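Q: Enclosed is the structure file start_17.tsv (TSV, C-alpha atoms and all ligand atoms).
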```
chain	number	residue	atom	x	y	z
A	1	MET	CA	-36.28	-71.28	21.73
A	2	SER	CA	-36.68	-68.72	24.53
A	3	VAL	CA	-39.79	-66.62	25.00
A	4	ARG	CA	-38.72	-63.08	24.05
A	5	ILE	CA	-40.05	-60.63	26.60
A	6	GLY	CA	-40.43	-56.87	26.54
A	7	VAL	CA	-40.51	-55.15	29.94
A	8	ILE	CA	-42.28	-51.78	30.14
A	9	GLY	CA	-41.23	-49.83	33.22
A	10	VAL	CA	-38.00	-50.86	34.91
A	11	GLY	CA	-38.25	-49.11	38.26
A	12	VAL	CA	-38.18	-51.21	41.46
A	13	MET	CA	-40.48	-54.03	40.29
A	14	GLY	CA	-39.72	-53.95	36.56
A	15	ALA	CA	-35.97	-54.18	37.20
A	16	GLU	CA	-36.60	-57.10	39.57
A	17	HIS	CA	-38.73	-58.87	36.93
A	18	ALA	CA	-36.03	-58.28	34.29
A	19	ARG	CA	-33.39	-59.72	36.65
A	20	LEU	CA	-35.47	-62.80	37.47
A	21	LEU	CA	-36.42	-63.39	33.82
A	22	SER	CA	-32.79	-63.12	32.73
A	23	HIS	CA	-31.15	-65.13	35.49
A	24	GLU	CA	-33.63	-67.29	37.40
A	25	VAL	CA	-36.40	-68.26	35.04
A	26	SER	CA	-35.79	-70.86	32.36
A	27	GLY	CA	-36.97	-70.49	28.78
A	28	SER	CA	-37.11	-66.69	28.79
A	29	LYS	CA	-35.05	-63.84	27.46
A	30	VAL	CA	-35.56	-60.13	28.16
A	31	ALA	CA	-35.31	-58.87	24.59
A	32	ALA	CA	-36.30	-55.21	25.05
A	33	VAL	CA	-37.06	-52.71	27.78
A	34	PHE	CA	-38.69	-49.31	27.96
A	35	ASP	CA	-38.72	-46.76	30.75
A	36	VAL	CA	-39.58	-43.06	30.87
A	37	ASP	CA	-36.18	-42.69	32.52
A	38	GLN	CA	-33.89	-43.51	29.59
A	39	GLN	CA	-30.81	-43.93	31.81
A	40	ARG	CA	-32.55	-46.49	33.95
A	41	ALA	CA	-33.68	-48.35	30.82
A	42	VAL	CA	-30.10	-48.43	29.52
A	43	GLN	CA	-28.81	-49.82	32.85
A	44	VAL	CA	-31.40	-52.60	33.07
A	45	ALA	CA	-31.02	-53.41	29.37
A	46	ALA	CA	-27.24	-53.77	29.80
A	47	ALA	CA	-27.70	-56.15	32.74
A	48	SER	CA	-30.12	-58.30	30.70
A	49	GLY	CA	-28.51	-58.07	27.26
A	50	ALA	CA	-31.70	-56.39	25.98
A	51	ARG	CA	-32.41	-53.60	23.51
A	52	VAL	CA	-33.84	-50.27	24.66
A	53	HIS	CA	-37.03	-49.10	22.96
A	54	ASP	CA	-37.93	-45.46	23.19
A	55	ASP	CA	-41.61	-46.04	22.38
A	56	PRO	CA	-43.54	-48.58	24.50
A	57	MET	CA	-46.24	-48.99	21.83
A	58	VAL	CA	-43.59	-49.90	19.23
A	59	LEU	CA	-42.08	-52.36	21.74
A	60	ILE	CA	-45.45	-54.09	22.15
A	61	LYS	CA	-45.90	-54.44	18.36
A	62	ASP	CA	-42.28	-55.51	17.73
A	63	ASP	CA	-42.27	-58.88	15.88
A	64	GLU	CA	-39.29	-59.94	17.98
A	65	ILE	CA	-41.28	-59.61	21.22
A	66	ASP	CA	-43.51	-62.57	22.14
A	67	ALA	CA	-44.91	-61.36	25.48
A	68	VAL	CA	-44.97	-58.22	27.60
A	69	VAL	CA	-44.46	-57.40	31.29
A	70	VAL	CA	-46.10	-54.14	32.39
A	71	ALA	CA	-44.49	-52.67	35.51
A	72	SER	CA	-44.82	-48.96	34.74
A	73	ALA	CA	-46.69	-46.36	36.82
A	74	ASP	CA	-50.19	-47.56	37.80
A	75	PRO	CA	-52.15	-45.04	35.65
A	76	THR	CA	-50.31	-46.26	32.51
A	77	HIS	CA	-51.16	-49.98	32.91
A	78	GLU	CA	-54.43	-49.88	30.99
A	79	GLN	CA	-53.06	-48.44	27.73
A	80	PHE	CA	-50.23	-51.00	27.61
A	81	VAL	CA	-52.43	-53.99	28.45
A	82	LEU	CA	-54.95	-52.89	25.78
A	83	ALA	CA	-52.14	-52.51	23.24
A	84	ALA	CA	-50.88	-56.05	24.03
A	85	LEU	CA	-54.42	-57.40	23.65
A	86	ALA	CA	-54.76	-55.61	20.31
A	87	VAL	CA	-51.84	-57.66	18.94
A	88	GLN	CA	-52.90	-60.76	20.92
A	89	LYS	CA	-49.72	-61.10	22.98
A	90	PRO	CA	-49.66	-62.49	26.54
A	91	VAL	CA	-49.21	-59.71	29.09
A	92	LEU	CA	-48.30	-59.91	32.77
A	93	CYS	CA	-49.39	-56.66	34.42
A	94	GLU	CA	-48.27	-55.61	37.89
A	95	LYS	CA	-51.12	-54.88	40.30
A	96	PRO	CA	-53.35	-52.94	40.06
A	97	LEU	CA	-54.62	-53.99	36.63
A	98	ALA	CA	-55.78	-50.37	36.40
A	99	PRO	CA	-56.34	-47.92	39.26
A	100	ASP	CA	-59.93	-47.19	38.17
A	101	LEU	CA	-62.82	-49.50	37.45
A	102	VAL	CA	-63.62	-48.07	34.04
A	103	GLY	CA	-60.07	-48.91	32.92
A	104	CYS	CA	-60.34	-52.46	34.29
A	105	ALA	CA	-63.70	-52.89	32.53
A	106	ARG	CA	-62.23	-51.79	29.19
A	107	ILE	CA	-59.53	-54.46	29.62
A	108	LEU	CA	-62.16	-57.12	30.40
A	109	ASP	CA	-64.16	-56.13	27.31
A	110	ALA	CA	-61.07	-56.24	25.10
A	111	GLU	CA	-60.02	-59.67	26.38
A	112	VAL	CA	-63.53	-61.05	26.04
A	113	ALA	CA	-63.56	-59.74	22.43
A	114	VAL	CA	-60.28	-61.60	21.74
A	115	GLY	CA	-61.97	-64.68	23.19
A	116	ARG	CA	-59.04	-66.17	25.10
A	117	ARG	CA	-57.19	-65.33	28.29
A	118	LEU	CA	-54.00	-63.38	27.60
A	119	VAL	CA	-53.83	-61.16	30.70
A	120	SER	CA	-52.25	-62.16	34.02
A	121	VAL	CA	-52.19	-59.81	37.01
A	122	GLY	CA	-49.12	-59.81	39.28
A	123	PHE	CA	-50.75	-60.95	42.50
A	124	MET	CA	-47.62	-62.92	43.33
A	125	ARG	CA	-48.76	-64.10	46.76
A	126	ARG	CA	-50.72	-66.86	45.01
A	127	TYR	CA	-47.29	-68.32	44.17
A	128	ASP	CA	-45.83	-68.03	47.68
A	129	GLN	CA	-45.26	-71.47	49.18
A	130	GLY	CA	-46.70	-70.37	52.53
A	131	TYR	CA	-49.95	-69.12	51.00
A	132	ALA	CA	-50.06	-72.21	48.76
A	133	ALA	CA	-49.94	-74.38	51.91
A	134	LEU	CA	-52.84	-72.39	53.39
A	135	LYS	CA	-54.83	-72.92	50.20
A	136	ASP	CA	-53.98	-76.60	50.25
A	137	ALA	CA	-55.22	-76.90	53.87
A	138	VAL	CA	-58.54	-75.37	52.81
A	139	ILE	CA	-58.95	-77.46	49.65
A	140	SER	CA	-58.03	-80.72	51.36
A	141	ASP	CA	-60.46	-79.92	54.20
A	142	ARG	CA	-57.72	-80.51	56.80
A	143	VAL	CA	-59.04	-77.84	59.18
A	144	GLY	CA	-62.68	-77.67	58.17
A	145	ARG	CA	-64.68	-74.65	57.04
A	146	PRO	CA	-62.90	-71.29	57.29
A	147	LEU	CA	-64.43	-68.97	59.87
A	148	MET	CA	-61.99	-66.08	60.15
A	149	MET	CA	-58.77	-64.80	58.63
A	150	HIS	CA	-56.39	-62.51	60.53
A	151	CYS	CA	-53.98	-60.70	58.25
A	152	THR	CA	-51.05	-58.41	59.03
A	153	HIS	CA	-49.34	-56.33	56.34
A	154	ARG	CA	-46.48	-54.10	57.49
A	155	ASN	CA	-44.02	-52.03	55.50
A	156	THR	CA	-40.88	-50.44	56.95
A	157	ALA	CA	-41.71	-46.90	55.79
A	158	ALA	CA	-43.87	-45.13	53.23
A	159	ALA	CA	-43.22	-41.90	51.35
A	160	PRO	CA	-44.10	-38.95	53.63
A	161	GLY	CA	-47.62	-37.65	53.10
A	162	VAL	CA	-48.76	-40.57	50.94
A	163	ASP	CA	-52.55	-40.54	50.53
A	164	SER	CA	-54.28	-42.83	53.02
A	165	SER	CA	-56.21	-44.50	50.17
A	166	VAL	CA	-52.89	-45.91	48.87
A	167	LEU	CA	-52.71	-48.16	51.95
A	168	ILE	CA	-55.75	-49.85	50.43
A	169	SER	CA	-55.14	-49.56	46.66
A	170	GLY	CA	-51.42	-50.37	46.90
A	171	SER	CA	-51.08	-52.63	49.94
A	172	ALA	CA	-54.36	-54.14	51.25
A	173	ILE	CA	-55.27	-55.00	47.65
A	174	HIS	CA	-52.98	-58.02	48.10
A	175	GLU	CA	-55.08	-59.25	51.04
A	176	ILE	CA	-58.24	-58.61	49.01
A	177	ASP	CA	-56.90	-60.88	46.28
A	178	VAL	CA	-55.57	-63.51	48.67
A	179	ALA	CA	-58.85	-63.67	50.63
A	180	ARG	CA	-60.94	-64.14	47.44
A	181	TRP	CA	-58.50	-66.79	46.21
A	182	LEU	CA	-58.10	-68.68	49.51
A	183	LEU	CA	-61.78	-68.68	50.35
A	184	ALA	CA	-62.86	-69.20	46.72
A	185	GLU	CA	-65.72	-66.77	47.21
A	186	GLU	CA	-66.38	-63.06	46.98
A	187	LEU	CA	-66.10	-60.40	49.66
A	188	ALA	CA	-69.50	-58.87	50.28
A	189	ALA	CA	-68.93	-55.96	52.68
A	190	VAL	CA	-66.18	-53.93	54.30
A	191	THR	CA	-65.68	-51.61	57.26
A	192	VAL	CA	-62.47	-49.64	57.79
A	193	HIS	CA	-61.37	-48.63	61.29
A	194	THR	CA	-58.79	-45.95	61.98
A	195	PRO	CA	-56.73	-46.35	65.14
A	196	ARG	CA	-54.66	-43.43	66.37
A	197	ARG	CA	-51.84	-42.60	64.00
A	198	GLY	CA	-48.38	-44.10	64.28
A	199	ALA	CA	-45.46	-41.77	64.94
A	200	GLY	CA	-44.10	-42.24	61.40
A	201	ALA	CA	-47.39	-41.34	59.72
A	202	THR	CA	-46.79	-37.84	58.40
A	203	GLY	CA	-50.17	-36.72	57.09
A	204	THR	CA	-51.35	-40.27	56.42
A	205	GLN	CA	-53.96	-42.29	58.30
A	206	ASP	CA	-51.60	-45.12	59.19
A	207	PRO	CA	-52.27	-47.82	60.35
A	208	LEU	CA	-55.65	-48.93	59.02
A	209	PHE	CA	-57.72	-51.86	60.22
A	210	LEU	CA	-60.10	-53.33	57.63
A	211	VAL	CA	-62.78	-55.91	58.27
A	212	PHE	CA	-64.24	-57.74	55.28
A	213	GLU	CA	-67.26	-60.05	55.34
A	214	SER	CA	-67.35	-62.79	52.75
A	215	VAL	CA	-70.56	-63.90	51.04
A	216	SER	CA	-70.75	-67.02	53.26
A	217	GLY	CA	-69.96	-65.06	56.45
A	218	VAL	CA	-66.20	-65.48	56.93
A	219	LEU	CA	-64.68	-62.42	58.66
A	220	VAL	CA	-61.31	-61.23	57.32
A	221	ASP	CA	-59.45	-58.61	59.33
A	222	VAL	CA	-56.46	-56.83	57.84
A	223	GLU	CA	-53.99	-54.58	59.65
A	224	VAL	CA	-52.12	-52.39	57.17
A	225	PHE	CA	-49.28	-50.44	58.74
A	226	VAL	CA	-46.93	-48.85	56.20
A	227	ASN	CA	-44.63	-47.06	58.64
A	228	ALA	CA	-44.02	-49.97	60.98
A	229	GLY	CA	-40.36	-48.95	61.21
A	230	TYR	CA	-38.77	-52.29	62.06
A	231	GLY	CA	-39.10	-54.03	58.68
A	232	TYR	CA	-41.41	-55.71	56.18
A	233	GLU	CA	-43.73	-58.38	57.48
A	234	VAL	CA	-46.77	-60.23	56.15
A	235	ARG	CA	-48.70	-62.72	58.27
A	236	CYS	CA	-51.94	-64.58	57.86
A	237	GLU	CA	-53.84	-66.96	60.11
A	238	LEU	CA	-56.87	-68.85	58.93
A	239	VAL	CA	-59.19	-70.01	61.71
A	240	ALA	CA	-61.45	-72.91	60.78
A	241	ASP	CA	-63.87	-75.41	62.33
A	242	ARG	CA	-61.26	-77.93	63.46
A	243	GLY	CA	-57.99	-76.01	63.60
A	244	THR	CA	-56.03	-73.07	62.35
A	245	VAL	CA	-53.34	-72.71	59.76
A	246	SER	CA	-50.97	-69.78	59.73
A	247	LEU	CA	-48.24	-68.27	57.71
A	248	ASP	CA	-45.37	-66.67	59.55
A	249	SER	CA	-42.44	-64.63	58.24
A	250	PRO	CA	-40.21	-67.22	56.65
A	251	SER	CA	-36.56	-66.46	57.22
A	252	PRO	CA	-33.84	-69.06	57.23
A	253	THR	CA	-31.50	-66.66	59.02
A	254	VAL	CA	-31.36	-66.57	62.81
A	255	LEU	CA	-29.45	-63.74	64.43
A	256	ARG	CA	-27.78	-64.28	67.81
A	257	SER	CA	-26.62	-61.03	69.32
A	258	ALA	CA	-26.64	-58.94	72.51
A	259	GLY	CA	-28.31	-61.58	74.66
A	260	SER	CA	-31.12	-62.53	72.28
A	261	VAL	CA	-31.88	-64.91	69.43
A	262	GLY	CA	-34.06	-63.66	66.59
A	263	ARG	CA	-35.05	-63.91	62.96
A	264	VAL	CA	-33.97	-61.33	60.42
A	265	VAL	CA	-36.84	-59.23	58.99
A	266	PRO	CA	-36.46	-58.03	55.37
A	267	VAL	CA	-36.65	-54.34	54.60
A	268	ASP	CA	-39.19	-54.68	51.77
A	269	TRP	CA	-41.26	-57.21	49.81
A	270	ARG	CA	-38.62	-58.20	47.26
A	271	PRO	CA	-36.65	-60.61	49.45
A	272	ARG	CA	-39.84	-61.78	51.22
A	273	PHE	CA	-41.56	-62.72	47.97
A	274	ALA	CA	-38.52	-63.39	45.75
A	275	ASP	CA	-39.42	-67.04	45.36
A	276	ALA	CA	-43.07	-66.19	44.65
A	277	TYR	CA	-42.05	-63.72	41.91
A	278	ARG	CA	-39.74	-66.33	40.40
A	279	ARG	CA	-42.44	-69.02	40.43
A	280	GLU	CA	-45.04	-66.60	39.03
A	281	LEU	CA	-42.75	-65.62	36.14
A	282	GLN	CA	-41.75	-69.24	35.48
A	283	ASP	CA	-45.38	-70.31	35.30
A	284	TRP	CA	-46.17	-67.41	32.97
A	285	VAL	CA	-43.21	-68.15	30.66
A	286	THR	CA	-44.02	-71.87	30.56
A	287	ALA	CA	-47.70	-71.20	29.75
A	288	THR	CA	-46.73	-68.61	27.12
A	289	GLU	CA	-44.33	-70.99	25.43
A	290	ALA	CA	-46.95	-73.75	25.36
A	291	GLY	CA	-49.62	-71.35	24.03
A	292	LEU	CA	-51.80	-72.04	27.08
A	293	PRO	CA	-54.35	-69.56	28.47
A	294	ALA	CA	-52.90	-66.97	30.85
A	295	CYS	CA	-52.20	-68.36	34.33
A	296	GLY	CA	-52.32	-66.82	37.81
A	297	ALA	CA	-54.72	-64.02	38.69
A	298	SER	CA	-56.91	-63.14	35.69
A	299	ALA	CA	-58.12	-59.79	34.39
A	300	TRP	CA	-61.38	-60.58	36.22
A	301	ASP	CA	-59.43	-60.99	39.49
A	302	GLY	CA	-57.73	-57.66	38.74
A	303	TYR	CA	-61.13	-56.05	38.13
A	304	ALA	CA	-62.62	-57.54	41.33
A	305	ALA	CA	-59.63	-56.46	43.44
A	306	THR	CA	-59.81	-52.86	42.16
A	307	HIS	CA	-63.59	-52.85	42.69
A	308	ILE	CA	-63.30	-54.05	46.31
A	309	ALA	CA	-60.38	-51.69	46.98
A	310	GLN	CA	-62.51	-48.77	45.80
A	311	VAL	CA	-65.44	-49.79	47.99
A	312	SER	CA	-62.97	-50.05	50.90
A	313	ILE	CA	-61.69	-46.54	50.19
A	314	ARG	CA	-65.30	-45.36	50.35
A	315	ALA	CA	-65.63	-47.14	53.70
A	316	LEU	CA	-62.51	-45.31	54.92
A	317	GLU	CA	-63.79	-41.95	53.72
A	318	THR	CA	-67.33	-42.32	55.07
A	319	GLY	CA	-66.53	-44.28	58.24
A	320	ALA	CA	-69.50	-46.51	57.39
A	321	ARG	CA	-69.79	-50.17	56.42
A	322	GLN	CA	-70.07	-50.52	52.64
A	323	THR	CA	-71.42	-53.42	50.64
A	324	VAL	CA	-69.72	-54.76	47.54
A	325	SER	CA	-71.76	-55.56	44.49
A	326	LEU	CA	-69.72	-57.01	41.67
A	327	PRO	CA	-71.26	-57.40	38.22
A	328	ASP	CA	-71.63	-60.89	36.75
A	329	GLN	CA	-68.37	-62.54	35.86
A	330	PRO	CA	-68.03	-62.86	32.04
A	331	GLY	CA	-68.08	-66.48	30.80
A	332	LEU	CA	-64.40	-66.36	29.76
A	333	TYR	CA	-63.35	-66.29	33.42
A	334	ARG	CA	-65.63	-68.96	34.85
A	401	LIG	C1	-46.05	-52.61	47.17
A	401	LIG	O1	-46.46	-51.89	46.03
A	401	LIG	C2	-46.33	-54.06	46.96
A	401	LIG	O2	-46.97	-54.49	46.05
A	401	LIG	C3	-45.96	-54.90	48.11
A	401	LIG	O3	-46.19	-56.26	47.86
A	401	LIG	C4	-46.77	-54.44	49.30
A	401	LIG	O4	-46.46	-55.23	50.41
A	401	LIG	C5	-46.49	-52.99	49.61
A	401	LIG	O5	-47.26	-52.59	50.71
A	401	LIG	C6	-46.82	-52.13	48.40
A	401	LIG	O6	-46.50	-50.80	48.66
```
Could I get this structure in the form of structure tokens?
A:
Amino acid sequence: MSVRIGVIGVGVMGAEHARLLSHEVSGSKVAAVFDVDQQRAVQVAAASGARVHDDPMVLIKDDEIDAVVVASADPTHEQFVLAALAVQKPVLCEKPLAPDLVGCARILDAEVAVGRRLVSVGFMRRYDQGYAALKDAVISDRVGRPLMMHCTHRNTAAAPGVDSSVLISGSAIHEIDVARWLLAEELAAVTVHTPRRGAGATGTQDPLFLVFESVSGVLVDVEVFVNAGYGYEVRCELVADRGTVSLDSPSPTVLRSAGSVGRVVPVDWRPRFADAYRRELQDWVTATEAGLPACGASAWDGYAATHIAQVSIRALETGARQTVSLPDQPGLYR
């Protein structure tokens, strides 16, 4: 029998999750959707053969829903994740787990009270084959001890006037998660540099250049540039004792035109990480069906990422290096 999933929020990411769950993931069925925009909910429901719920809390409690995807606006994540925990249903929440630390902490407390891992956070890069190969190179000790990581995160364009902090809480938060996961250690300090603004940056400090220091002394630099203009690109190079391993923009398509040969760059993250989203959802559905603990990034990872993002925003606002001090990780996540 298929895992019956309710999707809350079917904007850009929720609609993509509903599409993947309906057509590319095995063992799942989108059974119900909710969105504040009723018309959008009806459209996505029709494409997935799902029902439309007009109350997200009723959707979560519905006996015909086994698990919940939360892809609504960031400030609404906490209430839906807590409601799923209250009825002990697996929940995959898009990043951030919650935009504020108090919200993330309430989720941790609720999951610890349940006593088993039900929350997964949508840090899909952990499922990207390129990042998985980087992780494998570290685990298998093929290049030695990591020394530095150089990361590039570019978007084609951002909404005009978007707050500069969103470059950290919405974009660099992926590098925060990936660095913790790849290095298998915490980030201990951060400095944020502000180069002169790009031409597309209306009212926003864009780009940003962040430098993280890990507990063991690895330096991780991250360029975030959300009005890069030419397309969506994510790169990462890990420099280690005996070699380097790097992830480039994977594109099977080569364009030959006007005297040059080049690779096609996607316009946003959906095509770039389509396979990662599919693998993330498949893993989640398979674990849910088998009654296994939640897979992928945990609520603790979501808490840590929001914590470090907030310290980074403080570093941006003050112009000074800031240290990170995470509380002890609850036993459930060790
Ligand atoms: C967006 O919300 C995402 O999560 C994408 O993965 C990221 O690359 C982009 O910068 C964010 O705005």
Q: Can you pull out every residue within 9 Å of stretch 211-225 of chain A, counting only C-alpha atoms, but drop anything in the same chain fewer than 2 positions away, and send it as a ChimeraX atom specification?
A: /A:146-157,167-168,171-172,175-176,179-180,183,185-193,198,206-209,227-228,236,238,312
Q: List as a VMD selection string the protein and nucleic acid residues lying within 9 Å of ligand LIG 401 (chain A), with only C-alpha atoms and all ligand atoms counted.
A: chain A and resid 13 94 to 96 122 to 125 153 to 155 158 166 to 174 224 to 226 232 to 234 268 to 270 273
Q: Pick out the residues sitting within 8 Å of A:Ala84, and hand them over as a PyMOL selection string; count only C-alpha atoms, and ignore anything fewer than 6 positions along from it in its own chain.
A: chain A and resi 60-61+68+90-91
Q: Tell me which of A:Ser26, A:Thr318, A:Ser2, A:Thr288 sits closest to A:Glu64, counting only C-alpha atoms.
A: A:Ser2
Q: Kindly indicate which residue among A:Asp100, A:Asp141, A:Glu111, A:Glu280 lies nearest to A:Val87, using all atoms listed in the file for the distances.
A: A:Glu111
Q: For stretch 70-78 of chain A, please output as a list in words all residues within 6 Å (counting only C-alpha atoms; exclusion window: fewer than 3 positions along the same chain).
A: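 Returned residues: Ile8, Gly9, Gly14, Val81, Cys93, Glu94 and Ala98 of chain A.
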Q: For atom CA of A:Ser22 and atom CA of A:Asp35, quote the distance in Å rounded to one decimal.
A: 17.5 Å
Q: Quick one: distance from atom CA of A:Leu108 to atom CA of A:Gln88 in Å, one decimal?
A: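 About the pair atom CA of A:Leu108 and atom CA of A:Gln88: they are 13.7 Å apart.
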